[in-house]
Protein chains: 2
Amino acid sequence: MNEQTIKPYVIGLDLGGTNSVFGIVDSRGEIKATTSIKTQGYDGVNGYVEASVEALQLIIDQVGGIDKIKGMGIGAPNGNFYNGTIEFAPNLSWGRDGVVPLAKMFSDRLGIPVALTNDANAAAIGEMTYGVARGMKNFIVITLGTGVGSGIVINGQLVYGSDGFAGELGHTVIRKDGRQCGCGRKGCLETYCSATGVARTAVQFLKESQEESLLRTIPVENITSLDVSIAAEKGDMLAKRVYEYTGEILGEACADFAAFSSPEAFIFFGGLTKAGDLLMDPLKRSFDEHVLRIFKGKSKFLVSGLDGSSAAVLGASAIGWEI
Amino acid sequence: MNEQTIKPYVIGLDLGGTNSVFGIVDSRGEIKATTSIKTQGYDGVNGYVEASVEALQLIIDQVGGIDKIKGMGIGAPNGNFYNGTIEFAPNLSWGRDGVVPLAKMFSDRLGIPVALTNDANAAAIGEMTYGVARGMKNFIVITLGTGVGSGIVINGQLVYGSDGFAGELGHTVIRKDGRQCGCGRKGCLETYCSATGVARTAVQFLKESQEESLLRTIPVENITSLDVSIAAEKGDMLAKRVYEYTGEILGEACADFAAFSSPEAFIFFGGLTKAGDLLMDPLKRSFDEHVLRIFKGKSKFLVSGLDGSSAAVLGASAIGWEI
């Protein structure tokens, strides 16, 4: 390898439970080439890495070969930055029962440095590198998807904690003895403020009243956060109240997070942010109502500036610059 | 001033609502000289600084003069590290209604650099410099006094946040719509787990039952956390339950804090820690019961290793080394 070669690109891998999306990204956050494979259905993790490298080879060639690539960043569930491992990830058939050294496996096959962290941390680094958090030293990214994740930046550094797993704000308890959470505990923020949480709230509101609602035309087990958002935009009062309730609880949680790290901004990322002001207005109102006086008005509330369809890949790629 | 002079000491000032205690400290945390004055009753903050400098001069002379002093650290309520100011401190007659540039005032009078932060942050730096947190990069100090304060260290740095006021964990809400807090909100951790909170719990338990208790000999308005601790040590069941309840709630709170920064240790500091295992046993049990599985067993629970009577001065002095 020529030491003088300029390496203008990084690879990002957004590793989800269903799909693995790869992108080759330049320093301004432009995706130069992209490909994807299924995440599961291989002969273990070795099969997954082989399939990945095969798919990657095509897009690496498109940008001029591996010598043009500085490194690779992976955003993955239960990713441990310190060890480059995926640890006991319940939704991955090949990562469920142990510790998978995925960063090393890719690094060995590709001959470039590879770093790995969880998807919310990747989103935070993505915002700092290419997005609305450029220039910020203290902010919190909260991902509102199927679950609620978070990436916390303090003094310009991502917070990994003593073990690499810090920043699980979706699993702080916002309602003592509240809704049952997938983690085995009760009342986690995630049970209220994820896409799933929004659907649960809608079903609860429909059961608690006889109020007319567009949502009554949908079997309750099929209601999604998108249905609620569409109904709310059509003026459905019950659906609007679902988002108010969600924003209210999220604002309470952010008030507690402010007492921890007093961030310059909270940045929201993921599917639920499509609800826009339906969510953001009650969220800001609730924050101001619940936060300790000295923090009032100090934090901005922003929605991710990264292109939704590629944000996760961009986020993952961003950690490729840091190694 | 001779540039070649070795400066082996720092000054620490523990600025409390009643007393201001000064100490001159060496790099091993040994207090070489100490003095104190009343904090209030002067002609404004100028009078306070004059009285301080007068008292300080005597102990500065004892250690060989100001040339031996590297800097000064102040631990003060509502202290802002970034600005070196005390801002709207409700318990200080000369600091209640505005922003007092106390670090600059001392620096101008003494001719040495002066840094200032709140008392809990000072305690955290004290533990890192001289105490049980030596060598730790990620830990949280929780001060259990009249109120509940905190100092958070992440990646070896104190967390000041975007405004200098981060780390107000005593004002995270642990019981929605719970006890009225002095901050104007309800259910703050401080209303349950401070010395005042312990007394409130004792009064509540006494009112809720007819159970016999040594505490019934004390008028309820006079009961202190020390009374509760003495009664508990004598085997009083109600008093023991007060500490169990306190530890239980503190453990829940620490479980949420672990989800934020996954610290290597929680370090407890202040009067309430004198209760020892009465508090620490239920605290650890509650933490293990409430924390997210991936953090279980990862955090140590320690009591401050700094000498109680001088810990606050040592903590304050420690920030004198950092400037």
# chains A, B, ... in the order shown; residues from 1 in each chain; ligands from 1

$ calpha_fit_and_write --fixed "chain B" --moving "chain A" --output "compact mmCIF listing (two decimals) with C-alpha atoms, in the first residue's frame"
# COMPACT_ATOMS: atom_id res chain seq x y z
CA MET A 1 7.90 36.98 42.08
CA ASN A 2 10.69 34.51 41.45
CA GLU A 3 9.79 32.31 38.49
CA GLN A 4 11.94 29.53 39.90
CA THR A 5 10.04 29.25 43.17
CA ILE A 6 8.52 25.85 43.77
CA LYS A 7 4.86 26.21 44.62
CA PRO A 8 3.97 23.19 46.74
CA TYR A 9 0.60 24.34 48.09
CA VAL A 10 -2.91 25.31 47.08
CA ILE A 11 -5.57 27.13 49.07
CA GLY A 12 -8.99 25.52 49.45
CA LEU A 13 -12.07 27.44 50.50
CA ASP A 14 -15.20 25.58 51.55
CA LEU A 15 -17.78 28.34 51.33
CA GLY A 16 -20.91 27.36 53.22
CA GLY A 17 -24.00 29.30 54.19
CA THR A 18 -22.74 29.75 57.75
CA ASN A 19 -18.96 29.27 57.80
CA SER A 20 -16.14 29.74 55.32
CA VAL A 21 -13.29 27.33 56.02
CA PHE A 22 -9.87 27.89 54.45
CA GLY A 23 -7.06 25.36 54.28
CA ILE A 24 -3.59 25.31 52.75
CA VAL A 25 -3.02 21.86 51.29
CA ASP A 26 -0.07 19.98 49.81
CA SER A 27 -0.14 17.63 46.83
CA ARG A 28 -0.81 14.58 48.98
CA GLY A 29 -3.91 16.16 50.48
CA GLU A 30 -2.35 17.09 53.81
CA ILE A 31 -3.73 20.27 55.33
CA LYS A 32 -0.79 22.38 56.50
CA ALA A 33 -2.74 25.30 57.97
CA THR A 34 -6.37 26.22 58.37
CA THR A 35 -8.61 29.09 59.46
CA SER A 36 -12.23 30.12 59.16
CA ILE A 37 -14.56 33.10 59.21
CA LYS A 38 -18.31 33.63 59.18
CA THR A 39 -19.69 33.76 55.63
CA GLN A 40 -22.28 36.44 56.22
CA GLY A 41 -22.74 39.67 58.17
CA TYR A 42 -20.29 41.82 56.16
CA ASP A 43 -20.85 44.91 54.11
CA GLY A 44 -21.62 42.97 50.94
CA VAL A 45 -19.23 40.71 49.07
CA ASN A 46 -16.37 43.24 49.25
CA GLY A 47 -16.47 43.06 53.03
CA TYR A 48 -16.49 39.27 52.82
CA VAL A 49 -13.42 39.15 50.56
CA GLU A 50 -11.54 41.63 52.80
CA ALA A 51 -12.25 39.54 55.91
CA SER A 52 -11.18 36.43 54.02
CA VAL A 53 -7.89 37.89 52.84
CA GLU A 54 -7.11 39.14 56.35
CA ALA A 55 -7.68 35.67 57.82
CA LEU A 56 -5.81 34.00 54.94
CA GLN A 57 -2.76 36.21 55.32
CA LEU A 58 -1.93 34.62 58.68
CA ILE A 59 -1.95 31.04 57.37
CA ILE A 60 -0.20 32.02 54.12
CA ASP A 61 2.64 33.42 56.21
CA GLN A 62 2.76 30.16 58.20
CA VAL A 63 3.66 28.18 55.04
CA GLY A 64 6.23 30.66 53.74
CA GLY A 65 4.23 33.32 51.91
CA ILE A 66 2.13 33.63 48.77
CA ASP A 67 5.06 32.57 46.54
CA LYS A 68 4.58 29.03 47.83
CA ILE A 69 0.95 28.91 46.64
CA LYS A 70 0.10 27.64 43.16
CA GLY A 71 -3.56 28.64 43.16
CA MET A 72 -6.83 28.65 45.02
CA GLY A 73 -9.97 26.57 44.62
CA ILE A 74 -13.38 27.53 45.95
CA GLY A 75 -16.32 25.19 46.48
CA ALA A 76 -19.45 27.30 46.76
CA PRO A 77 -23.21 26.99 46.34
CA ASN A 78 -24.37 27.85 42.80
CA GLY A 79 -20.76 28.13 41.70
CA ASN A 80 -20.13 28.40 37.96
CA PHE A 81 -16.75 27.01 36.94
CA TYR A 82 -16.72 28.59 33.48
CA ASN A 83 -17.23 32.11 34.78
CA GLY A 84 -15.77 31.82 38.28
CA THR A 85 -19.01 33.26 39.59
CA ILE A 86 -21.60 32.55 42.26
CA GLU A 87 -24.99 33.01 40.64
CA PHE A 88 -28.23 33.68 42.51
CA ALA A 89 -27.31 31.61 45.58
CA PRO A 90 -30.45 31.72 47.74
CA ASN A 91 -28.61 31.13 51.03
CA LEU A 92 -26.00 33.90 50.70
CA SER A 93 -27.07 37.42 51.66
CA TRP A 94 -24.44 38.90 49.31
CA GLY A 95 -24.99 36.35 46.51
CA ARG A 96 -28.75 36.03 46.41
CA ASP A 97 -29.71 38.59 43.81
CA GLY A 98 -27.07 38.44 41.15
CA VAL A 99 -23.81 37.19 39.74
CA VAL A 100 -20.78 37.58 42.01
CA PRO A 101 -17.36 37.27 40.26
CA LEU A 102 -15.78 35.78 43.37
CA ALA A 103 -12.88 33.95 41.66
CA LYS A 104 -11.71 37.17 40.02
CA MET A 105 -12.09 39.12 43.27
CA PHE A 106 -9.85 36.70 45.16
CA SER A 107 -7.42 36.47 42.27
CA ASP A 108 -7.08 40.25 42.10
CA ARG A 109 -6.43 40.52 45.84
CA LEU A 110 -4.05 37.54 46.18
CA GLY A 111 -2.25 37.64 42.82
CA ILE A 112 -2.72 33.89 42.17
CA PRO A 113 -5.10 32.01 39.84
CA VAL A 114 -8.43 31.13 41.45
CA ALA A 115 -11.05 28.64 40.23
CA LEU A 116 -14.52 28.12 41.63
CA THR A 117 -17.17 25.44 41.30
CA ASN A 118 -20.02 24.09 43.34
CA ASP A 119 -19.31 22.04 46.42
CA ALA A 120 -20.31 18.69 44.92
CA ASN A 121 -18.05 19.20 41.91
CA ALA A 122 -15.26 20.16 44.28
CA ALA A 123 -15.90 16.92 46.19
CA ALA A 124 -15.60 14.94 42.94
CA ILE A 125 -12.27 16.54 42.06
CA GLY A 126 -11.16 16.01 45.65
CA GLU A 127 -11.90 12.27 45.39
CA MET A 128 -10.04 12.08 42.08
CA THR A 129 -7.03 13.98 43.43
CA TYR A 130 -6.66 12.66 46.98
CA GLY A 131 -9.43 10.11 47.59
CA VAL A 132 -11.01 6.82 46.57
CA ALA A 133 -11.42 7.87 42.92
CA ARG A 134 -7.69 8.16 42.22
CA GLY A 135 -7.10 6.57 38.84
CA MET A 136 -10.79 6.42 37.92
CA LYS A 137 -12.00 8.00 34.68
CA ASN A 138 -15.78 7.56 35.10
CA PHE A 139 -17.49 8.03 38.43
CA ILE A 140 -20.25 10.00 40.15
CA VAL A 141 -19.97 11.62 43.56
CA ILE A 142 -23.28 12.11 45.32
CA THR A 143 -23.29 14.40 48.34
CA LEU A 144 -25.89 13.56 50.93
CA GLY A 145 -26.18 16.58 53.19
CA THR A 146 -28.98 19.06 53.86
CA GLY A 147 -29.58 18.68 50.13
CA VAL A 148 -28.39 16.18 47.53
CA GLY A 149 -25.64 17.34 45.18
CA SER A 150 -23.51 15.60 42.59
CA GLY A 151 -20.25 15.82 40.72
CA ILE A 152 -19.93 13.71 37.59
CA VAL A 153 -16.64 12.68 36.02
CA ILE A 154 -16.60 11.26 32.49
CA ASN A 155 -13.43 10.40 30.54
CA GLY A 156 -11.44 11.84 33.42
CA GLN A 157 -13.09 15.26 33.16
CA LEU A 158 -15.64 16.93 35.37
CA VAL A 159 -18.96 17.45 33.57
CA TYR A 160 -19.85 21.15 33.59
CA GLY A 161 -22.21 21.05 30.61
CA SER A 162 -22.92 23.88 28.21
CA ASP A 163 -23.45 26.45 30.98
CA GLY A 164 -21.26 25.33 33.91
CA PHE A 165 -24.19 24.00 35.96
CA ALA A 166 -24.39 20.34 34.92
CA GLY A 167 -24.63 17.64 37.58
CA GLU A 168 -27.74 18.57 39.54
CA LEU A 169 -28.76 14.98 40.17
CA GLY A 170 -30.47 15.90 43.44
CA HIS A 171 -33.06 17.57 41.24
CA THR A 172 -33.91 14.68 38.98
CA VAL A 173 -37.47 13.56 39.60
CA ILE A 174 -37.59 10.13 41.23
CA ARG A 175 -41.27 10.23 42.21
CA LYS A 176 -43.67 11.87 39.77
CA ASP A 177 -45.86 14.30 41.76
CA GLY A 178 -43.97 13.32 44.92
CA ARG A 179 -42.77 15.47 47.81
CA GLN A 180 -42.60 19.23 47.42
CA CYS A 181 -39.02 20.36 46.79
CA GLY A 182 -37.40 23.68 47.68
CA CYS A 183 -36.74 24.18 43.96
CA GLY A 184 -40.48 24.62 43.37
CA ARG A 185 -41.02 21.24 41.72
CA LYS A 186 -42.17 17.91 43.12
CA GLY A 187 -40.57 14.51 43.69
CA CYS A 188 -36.90 15.50 43.38
CA LEU A 189 -34.38 12.95 44.68
CA GLU A 190 -33.32 15.54 47.27
CA THR A 191 -36.73 15.45 48.95
CA TYR A 192 -36.17 11.77 49.83
CA CYS A 193 -32.45 11.15 50.11
CA SER A 194 -31.02 14.20 51.87
CA ALA A 195 -30.72 14.55 55.65
CA THR A 196 -33.90 16.59 55.47
CA GLY A 197 -35.53 13.87 53.37
CA VAL A 198 -34.68 11.24 55.97
CA ALA A 199 -36.32 13.36 58.67
CA ARG A 200 -39.40 13.82 56.45
CA THR A 201 -39.62 10.06 55.91
CA ALA A 202 -39.36 9.45 59.67
CA VAL A 203 -42.19 11.88 60.37
CA GLN A 204 -44.28 10.29 57.61
CA PHE A 205 -43.72 6.77 58.99
CA LEU A 206 -44.55 7.92 62.55
CA LYS A 207 -47.80 9.46 61.34
CA GLU A 208 -48.79 6.50 59.18
CA SER A 209 -48.64 3.92 61.96
CA GLN A 210 -49.01 3.46 65.70
CA GLU A 211 -45.83 1.40 65.83
CA GLU A 212 -43.66 1.94 68.89
CA SER A 213 -40.44 3.82 68.19
CA LEU A 214 -37.71 5.60 70.11
CA LEU A 215 -38.38 8.52 67.80
CA ARG A 216 -41.78 9.11 69.43
CA THR A 217 -40.00 10.75 72.39
CA ILE A 218 -38.84 13.59 70.11
CA PRO A 219 -41.22 16.34 68.92
CA VAL A 220 -41.69 15.59 65.21
CA GLU A 221 -40.53 19.04 64.12
CA ASN A 222 -37.19 18.43 65.85
CA ILE A 223 -36.39 14.98 64.41
CA THR A 224 -33.11 14.92 62.45
CA SER A 225 -31.45 12.27 60.32
CA LEU A 226 -28.97 11.78 63.16
CA ASP A 227 -31.81 10.93 65.58
CA VAL A 228 -33.05 8.37 63.06
CA SER A 229 -29.61 6.86 62.65
CA ILE A 230 -29.07 6.62 66.44
CA ALA A 231 -32.47 5.00 66.92
CA ALA A 232 -31.79 2.56 64.08
CA GLU A 233 -28.48 1.54 65.61
CA LYS A 234 -30.33 0.80 68.84
CA GLY A 235 -32.49 -1.61 66.87
CA ASP A 236 -35.53 0.62 66.40
CA MET A 237 -37.51 -1.06 63.60
CA LEU A 238 -39.25 2.07 62.34
CA ALA A 239 -35.97 3.98 62.17
CA LYS A 240 -34.36 1.09 60.29
CA ARG A 241 -37.20 1.14 57.79
CA VAL A 242 -36.57 4.86 57.23
CA TYR A 243 -33.02 4.10 56.08
CA GLU A 244 -34.19 1.15 54.01
CA TYR A 245 -36.68 3.40 52.24
CA THR A 246 -33.99 6.05 51.69
CA GLY A 247 -31.49 3.52 50.33
CA GLU A 248 -34.15 1.94 48.15
CA ILE A 249 -34.95 5.25 46.44
CA LEU A 250 -31.29 6.22 46.12
CA GLY A 251 -30.61 2.84 44.47
CA GLU A 252 -33.39 3.43 41.95
CA ALA A 253 -31.90 6.81 41.12
CA CYS A 254 -28.40 5.37 40.71
CA ALA A 255 -29.84 2.76 38.34
CA ASP A 256 -31.03 5.60 36.09
CA PHE A 257 -27.69 7.41 36.41
CA ALA A 258 -25.90 4.21 35.33
CA ALA A 259 -27.97 4.22 32.12
CA PHE A 260 -26.57 7.68 31.47
CA SER A 261 -22.83 7.38 32.08
CA SER A 262 -22.18 3.79 33.22
CA PRO A 263 -19.74 4.85 35.95
CA GLU A 264 -17.09 2.62 37.48
CA ALA A 265 -18.19 3.81 40.92
CA PHE A 266 -20.74 5.82 42.84
CA ILE A 267 -19.06 7.63 45.71
CA PHE A 268 -21.16 8.96 48.58
CA PHE A 269 -20.10 11.94 50.59
CA GLY A 270 -21.61 13.94 53.44
CA GLY A 271 -23.45 13.59 56.72
CA LEU A 272 -25.87 10.85 55.76
CA THR A 273 -23.05 8.42 54.95
CA LYS A 274 -22.42 8.19 58.71
CA ALA A 275 -25.38 5.80 58.77
CA GLY A 276 -23.04 3.28 57.09
CA ASP A 277 -24.54 -0.09 56.15
CA LEU A 278 -27.96 1.04 57.34
CA LEU A 279 -28.01 3.10 54.14
CA MET A 280 -25.49 1.33 51.90
CA ASP A 281 -26.96 -2.19 52.12
CA PRO A 282 -30.46 -1.31 50.89
CA LEU A 283 -28.90 1.07 48.37
CA LYS A 284 -26.80 -1.66 46.73
CA ARG A 285 -29.67 -4.14 46.86
CA SER A 286 -32.03 -1.65 45.23
CA PHE A 287 -29.49 -0.75 42.52
CA ASP A 288 -29.08 -4.40 41.54
CA GLU A 289 -32.83 -4.85 41.51
CA HIS A 290 -33.55 -1.80 39.36
CA VAL A 291 -30.60 -1.40 37.02
CA LEU A 292 -30.67 -2.47 33.36
CA ARG A 293 -29.17 -5.96 33.11
CA ILE A 294 -26.05 -4.95 31.16
CA PHE A 295 -24.98 -2.63 34.01
CA LYS A 296 -25.62 -5.08 36.83
CA GLY A 297 -22.63 -5.62 39.13
CA LYS A 298 -20.46 -3.18 37.16
CA SER A 299 -20.50 -0.19 39.53
CA LYS A 300 -18.81 -0.04 42.91
CA PHE A 301 -20.55 1.72 45.79
CA LEU A 302 -18.03 3.59 47.91
CA VAL A 303 -18.07 6.03 50.76
CA SER A 304 -15.77 9.04 50.47
CA GLY A 305 -12.26 8.34 51.68
CA LEU A 306 -11.61 11.98 52.58
CA ASP A 307 -11.51 12.93 56.24
CA GLY A 308 -15.03 14.12 56.99
CA SER A 309 -14.18 17.30 58.85
CA SER A 310 -11.80 18.55 56.16
CA ALA A 311 -13.20 16.85 53.06
CA ALA A 312 -14.93 19.94 51.73
CA VAL A 313 -11.77 22.04 52.06
CA LEU A 314 -9.71 19.30 50.41
CA GLY A 315 -12.23 19.09 47.60
CA ALA A 316 -12.12 22.81 47.03
CA SER A 317 -8.32 22.87 47.17
CA ALA A 318 -8.11 20.16 44.52
CA ILE A 319 -9.41 22.46 41.80
CA GLY A 320 -6.55 24.80 42.69
CA TRP A 321 -4.19 22.25 41.10
CA GLU A 322 -6.14 22.22 37.83
CA ILE A 323 -5.69 25.86 36.89

$ select_by_dssp --residues "region 93-209 of chain A" --states "alpha helix (DSSP H)" --output "PyMOL selection string"
chain A and resi 102-110+119-130+190-193+195-208

$ select_by_dssp --residues "region 182-302 of chain B" --states "strand (DSSP E or B)" --output "VMD selection string"
chain B and resid 186 188 265 to 269 300 to 302

$ decode --residues "region 188-244 of chain A" --atoms "C-alpha atoms" --output "JSON list (two decimals), in the first residue's frame"
[["chain", "number", "residue", "atom", "x", "y", "z"],
["A", 188, "CYS", "CA", -38.85, 2.77, 30.87],
["A", 189, "LEU", "CA", -38.95, 5.86, 28.64],
["A", 190, "GLU", "CA", -38.94, 3.51, 25.64],
["A", 191, "THR", "CA", -42.33, 2.07, 26.57],
["A", 192, "TYR", "CA", -43.89, 5.53, 26.08],
["A", 193, "CYS", "CA", -41.81, 7.46, 23.57],
["A", 194, "SER", "CA", -40.85, 4.94, 20.89],
["A", 195, "ALA", "CA", -42.94, 4.19, 17.80],
["A", 196, "THR", "CA", -44.20, 1.15, 19.69],
["A", 197, "GLY", "CA", -44.96, 3.35, 22.70],
["A", 198, "VAL", "CA", -47.04, 5.70, 20.57],
["A", 199, "ALA", "CA", -49.08, 2.76, 19.30],
["A", 200, "ARG", "CA", -49.54, 1.51, 22.87],
["A", 201, "THR", "CA", -50.74, 4.94, 23.96],
["A", 202, "ALA", "CA", -53.22, 5.06, 21.05],
["A", 203, "VAL", "CA", -54.65, 1.68, 21.99],
["A", 204, "GLN", "CA", -54.88, 2.75, 25.64],
["A", 205, "PHE", "CA", -56.70, 5.99, 24.75],
["A", 206, "LEU", "CA", -59.11, 4.12, 22.43],
["A", 207, "LYS", "CA", -59.94, 1.66, 25.21],
["A", 208, "GLU", "CA", -60.32, 4.31, 27.90],
["A", 209, "SER", "CA", -62.96, 6.34, 26.08],
["A", 210, "GLN", "CA", -65.78, 6.08, 23.56],
["A", 211, "GLU", "CA", -64.51, 9.15, 21.73],
["A", 212, "GLU", "CA", -64.81, 9.02, 17.95],
["A", 213, "SER", "CA", -61.51, 8.60, 16.14],
["A", 214, "LEU", "CA", -60.25, 7.71, 12.68],
["A", 215, "LEU", "CA", -58.13, 5.11, 14.44],
["A", 216, "ARG", "CA", -61.23, 3.08, 15.30],
["A", 217, "THR", "CA", -61.32, 1.82, 11.70],
["A", 218, "ILE", "CA", -58.02, -0.03, 12.26],
["A", 219, "PRO", "CA", -57.83, -3.27, 14.28],
["A", 220, "VAL", "CA", -56.04, -2.23, 17.49],
["A", 221, "GLU", "CA", -53.28, -4.80, 17.08],
["A", 222, "ASN", "CA", -52.37, -3.24, 13.71],
["A", 223, "ILE", "CA", -52.20, 0.42, 14.78],
["A", 224, "THR", "CA", -48.78, 1.99, 14.16],
["A", 225, "SER", "CA", -47.28, 5.34, 15.08],
["A", 226, "LEU", "CA", -47.63, 6.31, 11.42],
["A", 227, "ASP", "CA", -51.40, 5.68, 11.54],
["A", 228, "VAL", "CA", -51.57, 7.92, 14.61],
["A", 229, "SER", "CA", -49.56, 10.65, 12.92],
["A", 230, "ILE", "CA", -51.72, 10.53, 9.75],
["A", 231, "ALA", "CA", -54.91, 10.68, 11.81],
["A", 232, "ALA", "CA", -53.55, 13.58, 13.86],
["A", 233, "GLU", "CA", -52.69, 15.53, 10.73],
["A", 234, "LYS", "CA", -56.28, 15.05, 9.59],
["A", 235, "GLY", "CA", -57.37, 16.73, 12.81],
["A", 236, "ASP", "CA", -58.27, 13.62, 14.80],
["A", 237, "MET", "CA", -58.42, 14.82, 18.42],
["A", 238, "LEU", "CA", -57.61, 11.49, 20.04],
["A", 239, "ALA", "CA", -54.59, 10.98, 17.78],
["A", 240, "LYS", "CA", -53.39, 14.50, 18.58],
["A", 241, "ARG", "CA", -53.66, 13.76, 22.28],
["A", 242, "VAL", "CA", -51.49, 10.66, 21.76],
["A", 243, "TYR", "CA", -48.66, 12.84, 20.46],
["A", 244, "GLU", "CA", -49.22, 15.41, 23.19]]
